[in-house]
file target_6.tsv (TSV, C-alpha atoms)
chain	number	residue	atom	x	y	z
Z	714	MET	CA	6.76	22.80	-3.39
Z	715	THR	CA	5.85	21.03	-0.18
Z	716	ASP	CA	8.28	18.29	0.82
Z	717	THR	CA	5.51	15.76	1.28
Z	718	ALA	CA	7.99	12.90	1.77
Z	719	ALA	CA	9.55	14.66	4.77
Z	720	LEU	CA	6.12	15.45	6.23
Z	721	ALA	CA	5.00	11.86	5.71
Z	722	ARG	CA	8.06	10.57	7.51
Z	723	ARG	CA	7.36	13.04	10.33
Z	724	PHE	CA	3.75	11.85	10.45
Z	725	VAL	CA	4.92	8.31	11.27
Z	726	GLU	CA	7.75	9.38	13.55
Z	727	THR	CA	5.55	11.63	15.69
Z	728	LEU	CA	3.01	8.80	15.96
Z	729	GLU	CA	5.78	6.45	17.08
Z	730	ALA	CA	6.90	9.09	19.64
Z	731	ARG	CA	3.31	9.62	20.86
Z	732	ASP	CA	4.06	13.33	20.34
Z	733	TRP	CA	0.39	14.14	19.83
Z	734	ASP	CA	0.83	17.91	19.58
Z	735	ALA	CA	3.50	17.61	16.89
Z	736	TRP	CA	1.45	14.97	15.09
Z	737	SER	CA	-1.76	17.04	15.21
Z	738	ALA	CA	0.08	20.07	13.87
Z	739	LEU	CA	0.60	18.18	10.59
Z	740	LEU	CA	-3.15	17.76	10.07
Z	741	SER	CA	-5.80	19.98	8.56
Z	742	PRO	CA	-8.68	20.59	11.02
Z	743	ASP	CA	-10.95	18.91	8.47
Z	744	VAL	CA	-8.73	15.88	7.85
Z	745	VAL	CA	-10.52	12.69	6.80
Z	746	TYR	CA	-9.07	9.34	7.87
Z	747	GLU	CA	-10.19	6.18	6.10
Z	748	MET	CA	-9.53	2.46	6.43
Z	749	PRO	CA	-10.98	0.95	3.22
Z	750	GLN	CA	-10.61	-2.66	4.36
Z	751	SER	CA	-13.05	-2.18	7.25
Z	752	ARG	CA	-14.93	0.68	5.57
Z	753	GLU	CA	-14.28	2.95	8.58
Z	754	ARG	CA	-13.99	6.73	8.42
Z	755	ILE	CA	-13.14	9.42	10.97
Z	756	ARG	CA	-13.75	13.10	10.24
Z	757	GLY	CA	-11.80	15.90	11.85
Z	758	ARG	CA	-8.45	16.35	13.56
Z	759	GLU	CA	-9.77	16.12	17.11
Z	760	ASN	CA	-11.61	12.85	16.54
Z	761	TYR	CA	-8.66	11.37	14.69
Z	762	ARG	CA	-6.32	12.38	17.50
Z	763	GLU	CA	-8.57	10.81	20.11
Z	764	PHE	CA	-8.73	7.60	18.09
Z	765	ASN	CA	-4.95	7.32	17.91
Z	766	GLU	CA	-4.24	8.57	21.40
Z	767	THR	CA	-6.52	5.93	22.89
Z	768	TYR	CA	-5.54	3.11	20.52
Z	769	PRO	CA	-4.82	0.06	22.66
Z	770	GLY	CA	-1.57	-1.87	22.81
Z	771	ASP	CA	2.14	-1.19	22.73
Z	772	TRP	CA	2.36	-0.52	18.99
Z	773	HIS	CA	5.45	0.61	17.11
Z	774	LEU	CA	5.85	1.98	13.60
Z	775	GLN	CA	9.00	2.30	11.51
Z	776	PRO	CA	9.13	3.75	7.97
Z	777	LYS	CA	10.64	1.48	5.30
Z	778	VAL	CA	9.86	3.34	2.07
Z	779	VAL	CA	8.67	6.94	1.75
Z	780	ILE	CA	7.62	8.42	-1.61
Z	781	GLY	CA	6.36	11.98	-2.04
Z	782	ASP	CA	5.61	14.10	-5.09
Z	783	GLY	CA	4.75	17.48	-3.57
Z	784	VAL	CA	1.01	16.81	-3.42
Z	785	ARG	CA	0.73	13.31	-2.03
Z	786	ALA	CA	2.93	10.86	-0.20
Z	787	VAL	CA	2.97	7.25	0.85
Z	788	VAL	CA	4.76	5.51	3.69
Z	789	TRP	CA	5.29	1.76	3.65
Z	790	PHE	CA	6.10	0.98	7.24
Z	791	ASP	CA	6.79	-1.88	9.60
Z	792	TRP	CA	4.34	-2.19	12.44
Z	793	ARG	CA	4.95	-4.20	15.57
Z	794	LEU	CA	2.63	-4.94	18.46
Z	795	SER	CA	4.47	-5.98	21.59
Z	796	ALA	CA	2.61	-8.60	23.55
Z	797	GLU	CA	2.83	-7.87	27.24
Z	798	GLY	CA	4.36	-10.79	29.06
Z	799	SER	CA	3.79	-13.48	26.45
Z	800	GLY	CA	6.74	-12.41	24.30
Z	801	ALA	CA	4.79	-13.24	21.15
Z	802	ASP	CA	5.03	-10.06	19.15
Z	803	GLU	CA	2.89	-9.49	16.11
Z	804	ALA	CA	4.42	-7.62	13.17
Z	805	GLY	CA	3.80	-6.81	9.54
Z	806	ASP	CA	3.88	-4.32	6.70
Z	807	ALA	CA	1.33	-1.55	6.24
Z	808	GLN	CA	0.89	1.53	4.06
Z	809	VAL	CA	-0.48	4.99	4.63
Z	810	PHE	CA	-1.38	7.34	1.78
Z	811	LEU	CA	-1.48	11.08	2.53
Z	812	GLU	CA	-2.91	14.07	0.66
Z	813	PHE	CA	-1.86	17.64	1.41
Z	814	ASP	CA	-3.40	21.09	0.92
Z	815	ASP	CA	-1.56	24.14	-0.41
Z	816	ASN	CA	-0.32	24.94	3.10
Z	817	GLY	CA	1.26	21.52	3.49
Z	818	LEU	CA	-1.38	20.26	5.92
Z	819	ILE	CA	-2.64	16.71	5.61
Z	820	THR	CA	-6.23	16.60	4.37
Z	821	ARG	CA	-6.69	12.87	3.82
Z	822	VAL	CA	-5.14	9.78	5.36
Z	823	THR	CA	-5.82	6.27	4.03
Z	824	ASP	CA	-4.43	3.21	5.78
Z	825	PHE	CA	-3.99	-0.28	4.40
Z	826	TRP	CA	-3.20	-3.22	6.70
Z	827	PRO	CA	-2.44	-6.22	4.47
Z	828	GLU	CA	-2.50	-9.56	6.26
Z	829	PRO	CA	-0.47	-12.69	5.53
Z	830	TYR	CA	-2.14	-15.36	3.41
Z	831	ASP	CA	-1.25	-18.78	2.07
Z	832	PRO	CA	-0.44	-18.66	-1.63
Z	833	PRO	CA	-2.73	-20.44	-4.06
Z	834	GLU	CA	-1.32	-23.34	-6.02
Z	835	ARG	CA	1.05	-21.94	-8.64
Z	836	ALA	CA	2.77	-23.30	-11.73
Z	837	PRO	CA	5.99	-24.99	-10.59
Z	838	GLY	CA	9.43	-23.53	-11.14
Z	839	LEU	CA	8.73	-19.81	-11.07
Z	840	ILE	CA	8.32	-18.99	-7.41
Z	841	GLU	CA	10.50	-19.21	-4.32
Z	842	ARG	CA	9.22	-18.74	-0.77
Z	843	TRP	CA	10.89	-17.01	2.14
O	428	MET	CA	15.18	12.62	-13.69
O	429	THR	CA	13.13	9.56	-14.57
O	430	ASP	CA	9.38	10.19	-14.54
O	431	THR	CA	8.73	7.19	-12.34
O	432	ALA	CA	5.06	8.12	-11.90
O	433	ALA	CA	4.48	7.95	-15.68
O	434	LEU	CA	6.35	4.63	-15.91
O	435	ALA	CA	4.38	3.25	-12.98
O	436	ARG	CA	1.11	4.19	-14.64
O	437	ARG	CA	2.33	2.57	-17.87
O	438	PHE	CA	3.27	-0.55	-15.89
O	439	VAL	CA	-0.36	-0.97	-14.80
O	440	GLU	CA	-1.87	0.10	-18.12
O	441	THR	CA	0.23	-2.36	-20.17
O	442	LEU	CA	-0.72	-5.13	-17.73
O	443	GLU	CA	-4.38	-4.22	-18.15
O	444	ALA	CA	-3.89	-4.26	-21.95
O	445	ARG	CA	-2.05	-7.62	-21.83
O	446	ASP	CA	0.58	-5.86	-23.93
O	447	TRP	CA	3.32	-8.18	-22.70
O	448	ASP	CA	6.08	-6.80	-24.92
O	449	ALA	CA	5.43	-3.22	-23.83
O	450	TRP	CA	5.14	-4.33	-20.21
O	451	SER	CA	8.37	-6.39	-20.33
O	452	ALA	CA	10.23	-3.46	-21.87
O	453	LEU	CA	9.71	-1.55	-18.60
O	454	LEU	CA	11.55	-4.22	-16.60
O	455	SER	CA	15.21	-4.83	-15.87
O	456	PRO	CA	16.28	-8.36	-16.92
O	457	ASP	CA	17.11	-8.97	-13.25
O	458	VAL	CA	13.85	-7.62	-11.83
O	459	VAL	CA	12.73	-9.12	-8.52
O	460	TYR	CA	9.02	-9.44	-7.82
O	461	GLU	CA	7.83	-10.00	-4.25
O	462	MET	CA	4.50	-10.57	-2.52
O	463	PRO	CA	5.29	-10.12	1.20
O	464	GLN	CA	1.90	-11.37	2.40
O	465	SER	CA	2.49	-14.86	0.98
O	466	ARG	CA	6.29	-14.62	1.15
O	467	GLU	CA	6.57	-15.38	-2.58
O	468	ARG	CA	9.38	-14.16	-4.83
O	469	ILE	CA	10.05	-14.40	-8.57
O	470	ARG	CA	13.46	-13.55	-10.02
O	471	GLY	CA	13.99	-12.36	-13.57
O	472	ARG	CA	11.95	-10.70	-16.28
O	473	GLU	CA	11.16	-13.89	-18.20
O	474	ASN	CA	9.82	-15.73	-15.16
O	475	TYR	CA	7.82	-12.71	-14.04
O	476	ARG	CA	6.34	-12.34	-17.51
O	477	GLU	CA	5.34	-16.00	-17.60
O	478	PHE	CA	3.72	-15.68	-14.18
O	479	ASN	CA	1.60	-12.74	-15.29
O	480	GLU	CA	0.89	-13.98	-18.79
O	481	THR	CA	-0.49	-17.25	-17.42
O	482	TYR	CA	-2.29	-15.76	-14.41
O	483	PRO	CA	-5.81	-17.19	-14.40
O	484	GLY	CA	-9.05	-15.25	-14.54
O	485	ASP	CA	-10.45	-12.20	-16.26
O	486	TRP	CA	-8.65	-9.63	-14.09
O	487	HIS	CA	-8.71	-5.88	-14.57
O	488	LEU	CA	-6.57	-3.15	-13.04
O	489	GLN	CA	-7.20	0.59	-12.90
O	490	PRO	CA	-4.84	3.14	-11.30
O	491	LYS	CA	-6.39	5.35	-8.60
O	492	VAL	CA	-3.36	7.13	-7.10
O	493	VAL	CA	0.14	7.26	-8.60
O	494	ILE	CA	3.07	8.81	-6.69
O	495	GLY	CA	6.62	8.95	-8.03
O	496	ASP	CA	9.77	10.68	-6.84
O	497	GLY	CA	12.24	9.91	-9.64
O	498	VAL	CA	13.64	6.80	-7.96
O	499	ARG	CA	10.58	4.91	-6.76
O	500	ALA	CA	6.88	4.94	-7.42
O	501	VAL	CA	3.70	3.48	-6.03
O	502	VAL	CA	0.37	2.76	-7.67
O	503	TRP	CA	-2.76	2.32	-5.61
O	504	PHE	CA	-5.13	0.60	-8.00
O	505	ASP	CA	-8.55	-0.97	-8.23
O	506	TRP	CA	-8.55	-4.62	-9.17
O	507	ARG	CA	-11.58	-6.50	-10.43
O	508	LEU	CA	-11.99	-10.16	-11.20
O	509	SER	CA	-14.91	-10.85	-13.47
O	510	ALA	CA	-16.68	-14.06	-12.63
O	511	GLU	CA	-17.65	-15.91	-15.76
O	512	GLY	CA	-21.34	-16.53	-15.88
O	513	SER	CA	-22.17	-16.02	-12.21
O	514	GLY	CA	-22.09	-12.22	-12.40
O	515	ALA	CA	-20.51	-12.06	-8.94
O	516	ASP	CA	-17.44	-9.93	-9.51
O	517	GLU	CA	-14.75	-9.61	-6.90
O	518	ALA	CA	-13.03	-6.26	-6.49
O	519	GLY	CA	-10.76	-4.36	-4.15
O	520	ASP	CA	-7.82	-2.03	-3.64
O	521	ALA	CA	-4.20	-3.06	-4.02
O	522	GLN	CA	-0.79	-1.36	-4.14
O	523	VAL	CA	2.38	-1.95	-6.10
O	524	PHE	CA	5.70	-0.37	-5.13
O	525	LEU	CA	8.34	-0.02	-7.85
O	526	GLU	CA	12.07	0.69	-7.78
O	527	PHE	CA	14.00	1.91	-10.84
O	528	ASP	CA	17.61	1.83	-11.97
O	529	ASP	CA	19.50	4.76	-13.53
O	530	ASN	CA	18.15	3.81	-16.96
O	531	GLY	CA	14.55	3.98	-15.78
O	532	LEU	CA	14.08	0.20	-15.79
O	533	ILE	CA	12.14	-1.41	-12.98
O	534	THR	CA	14.40	-3.47	-10.71
O	535	ARG	CA	11.97	-4.37	-7.92
O	536	VAL	CA	8.22	-4.83	-7.74
O	537	THR	CA	6.37	-5.38	-4.47
O	538	ASP	CA	2.65	-6.08	-4.40
O	539	PHE	CA	0.23	-5.75	-1.49
O	540	TRP	CA	-3.27	-7.21	-1.68
O	541	PRO	CA	-5.15	-6.01	1.44
O	542	GLU	CA	-8.35	-7.91	2.16
O	543	PRO	CA	-11.54	-6.65	3.79
O	544	TYR	CA	-11.94	-7.29	7.51
O	545	ASP	CA	-14.54	-6.63	10.17
O	546	PRO	CA	-13.49	-3.78	12.44
O	547	PRO	CA	-12.75	-4.50	16.09
O	548	GLU	CA	-15.00	-2.94	18.69
O	549	ARG	CA	-14.20	0.76	18.84
O	550	ALA	CA	-14.99	3.61	21.20
O	551	PRO	CA	-18.39	4.99	20.22
O	552	GLY	CA	-18.87	8.30	18.48
O	553	LEU	CA	-15.69	8.60	16.45
O	554	ILE	CA	-16.20	6.31	13.51
O	555	GLU	CA	-18.63	6.08	10.64
O	556	ARG	CA	-18.91	3.08	8.30
O	557	TRP	CA	-19.54	3.05	4.58
call {"tool": "encode", "arguments": {"input": "target_6.tsv", "output": "structure tokens"}}
result
Amino acid sequence: MTDTAALARRFVETLEARDWDAWSALLSPDVVYEMPQSRERIRGRENYREFNETYPGDWHLQPKVVIGDGVRAVVWFDWRLSAEGSGADEAGDAQVFLEFDDNGLITRVTDFWPEPYDPPERAPGLIERW
Amino acid sequence: MTDTAALARRFVETLEARDWDAWSALLSPDVVYEMPQSRERIRGRENYREFNETYPGDWHLQPKVVIGDGVRAVVWFDWRLSAEGSGADEAGDAQVFLEFDDNGLITRVTDFWPEPYDPPERAPGLIERW
């Protein structure tokens, strides 16, 4: 059975390393990348590589939780965007879901980029903030 | 090994059914529930149950992707909030990460509620919208 958790971790680590050849080698030629929040889709390994390789900013990714079941995997990761000069980094949590073919190549990538929000008014006494 | 994927699916299905006893039975008494986007935390099964049992609105949850590895699990689910009268439903994707103890009880629940956003300007030719 494919160790999809290990491949998912490698997916993020090779992105972080900008090791584009190693990263591309994880992907099926026909991989489909989707961002449901913005309803954006990229088809094909070459297009997806170009998108990432030219993505602006000094971004950094670090896995926090990796779960794989032999067919799919998810990585919950920290992202950080270093602001040049200003010192005001942006950071947050994001998730990437991966699907694999029988050869262990990634056929589908789905990103979620949840943003902070102010909580609605809640019943008192149940919730703490951090 | 605990079938964390099956328990994660049951977690969502018992929520959807408002079967609070069956849902509570999946939880450790000391479960911690967190929503990182709003930095909210609830400690304990009774408080978490009260929060969910009194959550307003006609909400519905349907699992799309479930991944479990025996220790953790994630559910990527559709949520839908039926608007009474107006017919204008809200809907979207969300994710819940679960951690389990050795007895298969859920010790930690982390929700992410990603919201739609308009994409930034992108290099032409790579991206399609849906």
call {"tool": "residues_around", "arguments": {"input": "target_6.tsv", "residues": "Z:Gly783", "least_positions_apart": "6", "cutoff": "9 Å", "atoms": "all atoms listed in the file", "output": "mmCIF file with C-alpha atoms, in the frame of the given file"}}
result
data_model
loop_
_atom_site.group_PDB
_atom_site.id
_atom_site.type_symbol
_atom_site.label_atom_id
_atom_site.label_comp_id
_atom_site.auth_asym_id
_atom_site.auth_seq_id
_atom_site.Cartn_x
_atom_site.Cartn_y
_atom_site.Cartn_z
ATOM 1 C CA MET Z 714 6.760 22.800 -3.390
ATOM 2 C CA THR Z 715 5.850 21.030 -0.180
ATOM 3 C CA ASP Z 716 8.280 18.290 0.820
ATOM 4 C CA THR Z 717 5.510 15.760 1.280
ATOM 5 C CA ALA Z 718 7.990 12.900 1.770
ATOM 6 C CA PHE Z 813 -1.860 17.640 1.410
ATOM 7 C CA GLY Z 817 1.260 21.520 3.490
#
call {"tool": "residues_around", "arguments": {"input": "target_6.tsv", "residues": "stretch 538-554 of chain O", "least_positions_apart": "4", "cutoff": "10 Å", "atoms": "only C-alpha atoms", "output": "ChimeraX atom specification"}}
result
/Z:746-757,759-761,763-764,767-768,806-808,825-830 /O:460-465,501-503,506,518-525
call {"tool": "atom_distance", "arguments": {"input": "target_6.tsv", "atom1": "atom CA of Z:Val745", "atom2": "atom CA of Z:Arg821"}}
result
4.9 Å
call {"tool": "atom_distance", "arguments": {"input": "target_6.tsv", "atom1": "atom CA of O:Leu532", "atom2": "atom CA of Z:Thr823"}}
result
28.7 Å
call {"tool": "atom_distance", "arguments": {"input": "target_6.tsv", "atom1": "atom CA of Z:Gly781", "atom2": "atom CA of O:Val493"}}
result
10.2 Å
call {"tool": "residues_around", "arguments": {"input": "target_6.tsv", "residues": "O:Glu440", "least_positions_apart": "6", "cutoff": "10 Å", "atoms": "all atoms listed in the file", "output": "list in words"}}
result
Leu434, Asp446, Ala449, Trp450, His487, Leu488, Gln489 and Pro490 of chain O
call {"tool": "closest_residue", "arguments": {"input": "target_6.tsv", "among": "Z:Ser795, Z:Pro769, Z:Asp802, Z:Asn816", "to": "chain O", "atoms": "all atoms listed in the file"}}
result
Z:Pro769
call {"tool": "closest_residue", "arguments": {"input": "target_6.tsv", "among": "O:Asp528, O:Glu443, O:Glu517, O:Asp496", "to": "chain Z", "atoms": "all atoms listed in the file"}}
result
O:Asp496
call {"tool": "calpha_fit_and_write", "arguments": {"input": "target_6.tsv", "fixed": "chain Z", "moving": "chain O", "output": "PDB file with C-alpha atoms, in the frame of the given file"}}
result
ATOM      1  CA  MET O 428       6.797  22.792  -3.381  1.00  0.00           C
ATOM      2  CA  THR O 429       5.848  21.020  -0.171  1.00  0.00           C
ATOM      3  CA  ASP O 430       8.284  18.273   0.819  1.00  0.00           C
ATOM      4  CA  THR O 431       5.509  15.754   1.280  1.00  0.00           C
ATOM      5  CA  ALA O 432       7.982  12.895   1.769  1.00  0.00           C
ATOM      6  CA  ALA O 433       9.554  14.663   4.779  1.00  0.00           C
ATOM      7  CA  LEU O 434       6.112  15.450   6.230  1.00  0.00           C
ATOM      8  CA  ALA O 435       5.001  11.866   5.693  1.00  0.00           C
ATOM      9  CA  ARG O 436       8.049  10.568   7.525  1.00  0.00           C
ATOM     10  CA  ARG O 437       7.362  13.047  10.342  1.00  0.00           C
ATOM     11  CA  PHE O 438       3.743  11.850  10.443  1.00  0.00           C
ATOM     12  CA  VAL O 439       4.919   8.316  11.259  1.00  0.00           C
ATOM     13  CA  GLU O 440       7.759   9.389  13.546  1.00  0.00           C
ATOM     14  CA  THR O 441       5.530  11.641  15.696  1.00  0.00           C
ATOM     15  CA  LEU O 442       3.000   8.802  15.960  1.00  0.00           C
ATOM     16  CA  GLU O 443       5.770   6.459  17.071  1.00  0.00           C
ATOM     17  CA  ALA O 444       6.889   9.091  19.621  1.00  0.00           C
ATOM     18  CA  ARG O 445       3.303   9.637  20.858  1.00  0.00           C
ATOM     19  CA  ASP O 446       4.053  13.323  20.333  1.00  0.00           C
ATOM     20  CA  TRP O 447       0.382  14.144  19.826  1.00  0.00           C
ATOM     21  CA  ASP O 448       0.817  17.911  19.564  1.00  0.00           C
ATOM     22  CA  ALA O 449       3.501  17.609  16.894  1.00  0.00           C
ATOM     23  CA  TRP O 450       1.462  14.967  15.083  1.00  0.00           C
ATOM     24  CA  SER O 451      -1.766  17.030  15.202  1.00  0.00           C
ATOM     25  CA  ALA O 452       0.078  20.068  13.865  1.00  0.00           C
ATOM     26  CA  LEU O 453       0.606  18.171  10.588  1.00  0.00           C
ATOM     27  CA  LEU O 454      -3.147  17.760  10.074  1.00  0.00           C
ATOM     28  CA  SER O 455      -5.802  19.989   8.564  1.00  0.00           C
ATOM     29  CA  PRO O 456      -8.683  20.602  11.020  1.00  0.00           C
ATOM     30  CA  ASP O 457     -10.943  18.907   8.462  1.00  0.00           C
ATOM     31  CA  VAL O 458      -8.725  15.878   7.851  1.00  0.00           C
ATOM     32  CA  VAL O 459     -10.514  12.691   6.800  1.00  0.00           C
ATOM     33  CA  TYR O 460      -9.076   9.351   7.865  1.00  0.00           C
ATOM     34  CA  GLU O 461     -10.203   6.178   6.094  1.00  0.00           C
ATOM     35  CA  MET O 462      -9.536   2.457   6.433  1.00  0.00           C
ATOM     36  CA  PRO O 463     -10.981   0.952   3.222  1.00  0.00           C
ATOM     37  CA  GLN O 464     -10.609  -2.660   4.365  1.00  0.00           C
ATOM     38  CA  SER O 465     -13.071  -2.186   7.240  1.00  0.00           C
ATOM     39  CA  ARG O 466     -14.940   0.685   5.570  1.00  0.00           C
ATOM     40  CA  GLU O 467     -14.289   2.944   8.577  1.00  0.00           C
ATOM     41  CA  ARG O 468     -13.992   6.730   8.414  1.00  0.00           C
ATOM     42  CA  ILE O 469     -13.144   9.416  10.975  1.00  0.00           C
ATOM     43  CA  ARG O 470     -13.741  13.098  10.240  1.00  0.00           C
ATOM     44  CA  GLY O 471     -11.792  15.902  11.865  1.00  0.00           C
ATOM     45  CA  ARG O 472      -8.447  16.344  13.561  1.00  0.00           C
ATOM     46  CA  GLU O 473      -9.771  16.128  17.123  1.00  0.00           C
ATOM     47  CA  ASN O 474     -11.605  12.853  16.549  1.00  0.00           C
ATOM     48  CA  TYR O 475      -8.655  11.365  14.690  1.00  0.00           C
ATOM     49  CA  ARG O 476      -6.312  12.385  17.490  1.00  0.00           C
ATOM     50  CA  GLU O 477      -8.563  10.806  20.106  1.00  0.00           C
ATOM     51  CA  PHE O 478      -8.735   7.600  18.077  1.00  0.00           C
ATOM     52  CA  ASN O 479      -4.958   7.330  17.900  1.00  0.00           C
ATOM     53  CA  GLU O 480      -4.242   8.578  21.396  1.00  0.00           C
ATOM     54  CA  THR O 481      -6.535   5.929  22.879  1.00  0.00           C
ATOM     55  CA  TYR O 482      -5.563   3.106  20.512  1.00  0.00           C
ATOM     56  CA  PRO O 483      -4.820   0.061  22.659  1.00  0.00           C
ATOM     57  CA  GLY O 484      -1.583  -1.883  22.801  1.00  0.00           C
ATOM     58  CA  ASP O 485       2.127  -1.212  22.726  1.00  0.00           C
ATOM     59  CA  TRP O 486       2.353  -0.516  18.982  1.00  0.00           C
ATOM     60  CA  HIS O 487       5.440   0.610  17.111  1.00  0.00           C
ATOM     61  CA  LEU O 488       5.847   1.986  13.601  1.00  0.00           C
ATOM     62  CA  GLN O 489       8.995   2.303  11.505  1.00  0.00           C
ATOM     63  CA  PRO O 490       9.124   3.763   7.972  1.00  0.00           C
ATOM     64  CA  LYS O 491      10.633   1.487   5.304  1.00  0.00           C
ATOM     65  CA  VAL O 492       9.856   3.339   2.053  1.00  0.00           C
ATOM     66  CA  VAL O 493       8.678   6.950   1.750  1.00  0.00           C
ATOM     67  CA  ILE O 494       7.626   8.426  -1.619  1.00  0.00           C
ATOM     68  CA  GLY O 495       6.370  11.982  -2.061  1.00  0.00           C
ATOM     69  CA  ASP O 496       5.607  14.099  -5.105  1.00  0.00           C
ATOM     70  CA  GLY O 497       4.759  17.481  -3.564  1.00  0.00           C
ATOM     71  CA  VAL O 498       1.017  16.819  -3.425  1.00  0.00           C
ATOM     72  CA  ARG O 499       0.726  13.309  -2.022  1.00  0.00           C
ATOM     73  CA  ALA O 500       2.931  10.870  -0.201  1.00  0.00           C
ATOM     74  CA  VAL O 501       2.962   7.256   0.855  1.00  0.00           C
ATOM     75  CA  VAL O 502       4.760   5.508   3.685  1.00  0.00           C
ATOM     76  CA  TRP O 503       5.300   1.774   3.637  1.00  0.00           C
ATOM     77  CA  PHE O 504       6.106   0.974   7.242  1.00  0.00           C
ATOM     78  CA  ASP O 505       6.778  -1.885   9.606  1.00  0.00           C
ATOM     79  CA  TRP O 506       4.325  -2.188  12.452  1.00  0.00           C
ATOM     80  CA  ARG O 507       4.935  -4.206  15.591  1.00  0.00           C
ATOM     81  CA  LEU O 508       2.627  -4.927  18.474  1.00  0.00           C
ATOM     82  CA  SER O 509       4.466  -5.978  21.583  1.00  0.00           C
ATOM     83  CA  ALA O 510       2.620  -8.596  23.552  1.00  0.00           C
ATOM     84  CA  GLU O 511       2.866  -7.912  27.244  1.00  0.00           C
ATOM     85  CA  GLY O 512       4.368 -10.818  29.064  1.00  0.00           C
ATOM     86  CA  SER O 513       3.836 -13.522  26.452  1.00  0.00           C
ATOM     87  CA  GLY O 514       6.780 -12.449  24.292  1.00  0.00           C
ATOM     88  CA  ALA O 515       4.795 -13.261  21.147  1.00  0.00           C
ATOM     89  CA  ASP O 516       5.032 -10.062  19.148  1.00  0.00           C
ATOM     90  CA  GLU O 517       2.903  -9.478  16.102  1.00  0.00           C
ATOM     91  CA  ALA O 518       4.421  -7.610  13.177  1.00  0.00           C
ATOM     92  CA  GLY O 519       3.824  -6.814   9.537  1.00  0.00           C
ATOM     93  CA  ASP O 520       3.884  -4.311   6.697  1.00  0.00           C
ATOM     94  CA  ALA O 521       1.338  -1.550   6.243  1.00  0.00           C
ATOM     95  CA  GLN O 522       0.901   1.540   4.054  1.00  0.00           C
ATOM     96  CA  VAL O 523      -0.487   5.001   4.630  1.00  0.00           C
ATOM     97  CA  PHE O 524      -1.373   7.344   1.769  1.00  0.00           C
ATOM     98  CA  LEU O 525      -1.480  11.074   2.522  1.00  0.00           C
ATOM     99  CA  GLU O 526      -2.915  14.063   0.669  1.00  0.00           C
ATOM    100  CA  PHE O 527      -1.858  17.656   1.409  1.00  0.00           C
ATOM    101  CA  ASP O 528      -3.392  21.081   0.927  1.00  0.00           C
ATOM    102  CA  ASP O 529      -1.556  24.153  -0.407  1.00  0.00           C
ATOM    103  CA  ASN O 530      -0.309  24.937   3.103  1.00  0.00           C
ATOM    104  CA  GLY O 531       1.270  21.512   3.492  1.00  0.00           C
ATOM    105  CA  LEU O 532      -1.380  20.263   5.926  1.00  0.00           C
ATOM    106  CA  ILE O 533      -2.639  16.719   5.601  1.00  0.00           C
ATOM    107  CA  THR O 534      -6.243  16.613   4.375  1.00  0.00           C
ATOM    108  CA  ARG O 535      -6.694  12.873   3.822  1.00  0.00           C
ATOM    109  CA  VAL O 536      -5.149   9.779   5.355  1.00  0.00           C
ATOM    110  CA  THR O 537      -5.812   6.281   4.037  1.00  0.00           C
ATOM    111  CA  ASP O 538      -4.427   3.219   5.781  1.00  0.00           C
ATOM    112  CA  PHE O 539      -3.983  -0.295   4.405  1.00  0.00           C
ATOM    113  CA  TRP O 540      -3.200  -3.212   6.705  1.00  0.00           C
ATOM    114  CA  PRO O 541      -2.448  -6.231   4.462  1.00  0.00           C
ATOM    115  CA  GLU O 542      -2.497  -9.565   6.265  1.00  0.00           C
ATOM    116  CA  PRO O 543      -0.462 -12.686   5.532  1.00  0.00           C
ATOM    117  CA  TYR O 544      -2.120 -15.362   3.411  1.00  0.00           C
ATOM    118  CA  ASP O 545      -1.236 -18.786   2.084  1.00  0.00           C
ATOM    119  CA  PRO O 546      -0.439 -18.660  -1.621  1.00  0.00           C
ATOM    120  CA  PRO O 547      -2.730 -20.438  -4.067  1.00  0.00           C
ATOM    121  CA  GLU O 548      -1.316 -23.345  -6.018  1.00  0.00           C
ATOM    122  CA  ARG O 549       1.048 -21.946  -8.626  1.00  0.00           C
ATOM    123  CA  ALA O 550       2.776 -23.285 -11.715  1.00  0.00           C
ATOM    124  CA  PRO O 551       5.978 -24.984 -10.581  1.00  0.00           C
ATOM    125  CA  GLY O 552       9.413 -23.533 -11.137  1.00  0.00           C
ATOM    126  CA  LEU O 553       8.729 -19.812 -11.045  1.00  0.00           C
ATOM    127  CA  ILE O 554       8.326 -18.992  -7.396  1.00  0.00           C
ATOM    128  CA  GLU O 555      10.485 -19.201  -4.315  1.00  0.00           C
ATOM    129  CA  ARG O 556       9.195 -18.730  -0.756  1.00  0.00           C
ATOM    130  CA  TRP O 557      10.878 -17.003   2.146  1.00  0.00           C
TER     131      TRP O 557
END
call {"tool": "closest_residue", "arguments": {"input": "target_6.tsv", "among": "Z:Arg723, Z:Arg793, Z:Arg762, Z:Val784", "to": "Z:Thr820", "atoms": "only C-alpha atoms"}}
result
Z:Val784
call {"tool": "closest_residue", "arguments": {"input": "target_6.tsv", "among": "Z:Ala719, Z:Ile780, Z:Val822, Z:Arg758", "to": "chain O", "atoms": "all atoms listed in the file"}}
result
Z:Ile780
call {"tool": "closest_residue", "arguments": {"input": "target_6.tsv", "among": "O:Ala444, O:Glu480, O:Ile533, O:Trp486", "to": "chain Z", "atoms": "only C-alpha atoms"}}
result
O:Glu480
call {"tool": "closest_residue", "arguments": {"input": "target_6.tsv", "among": "O:Lys491, O:Arg436, O:Arg499, O:Arg445", "to": "chain Z", "atoms": "all atoms listed in the file"}}
result
O:Arg499
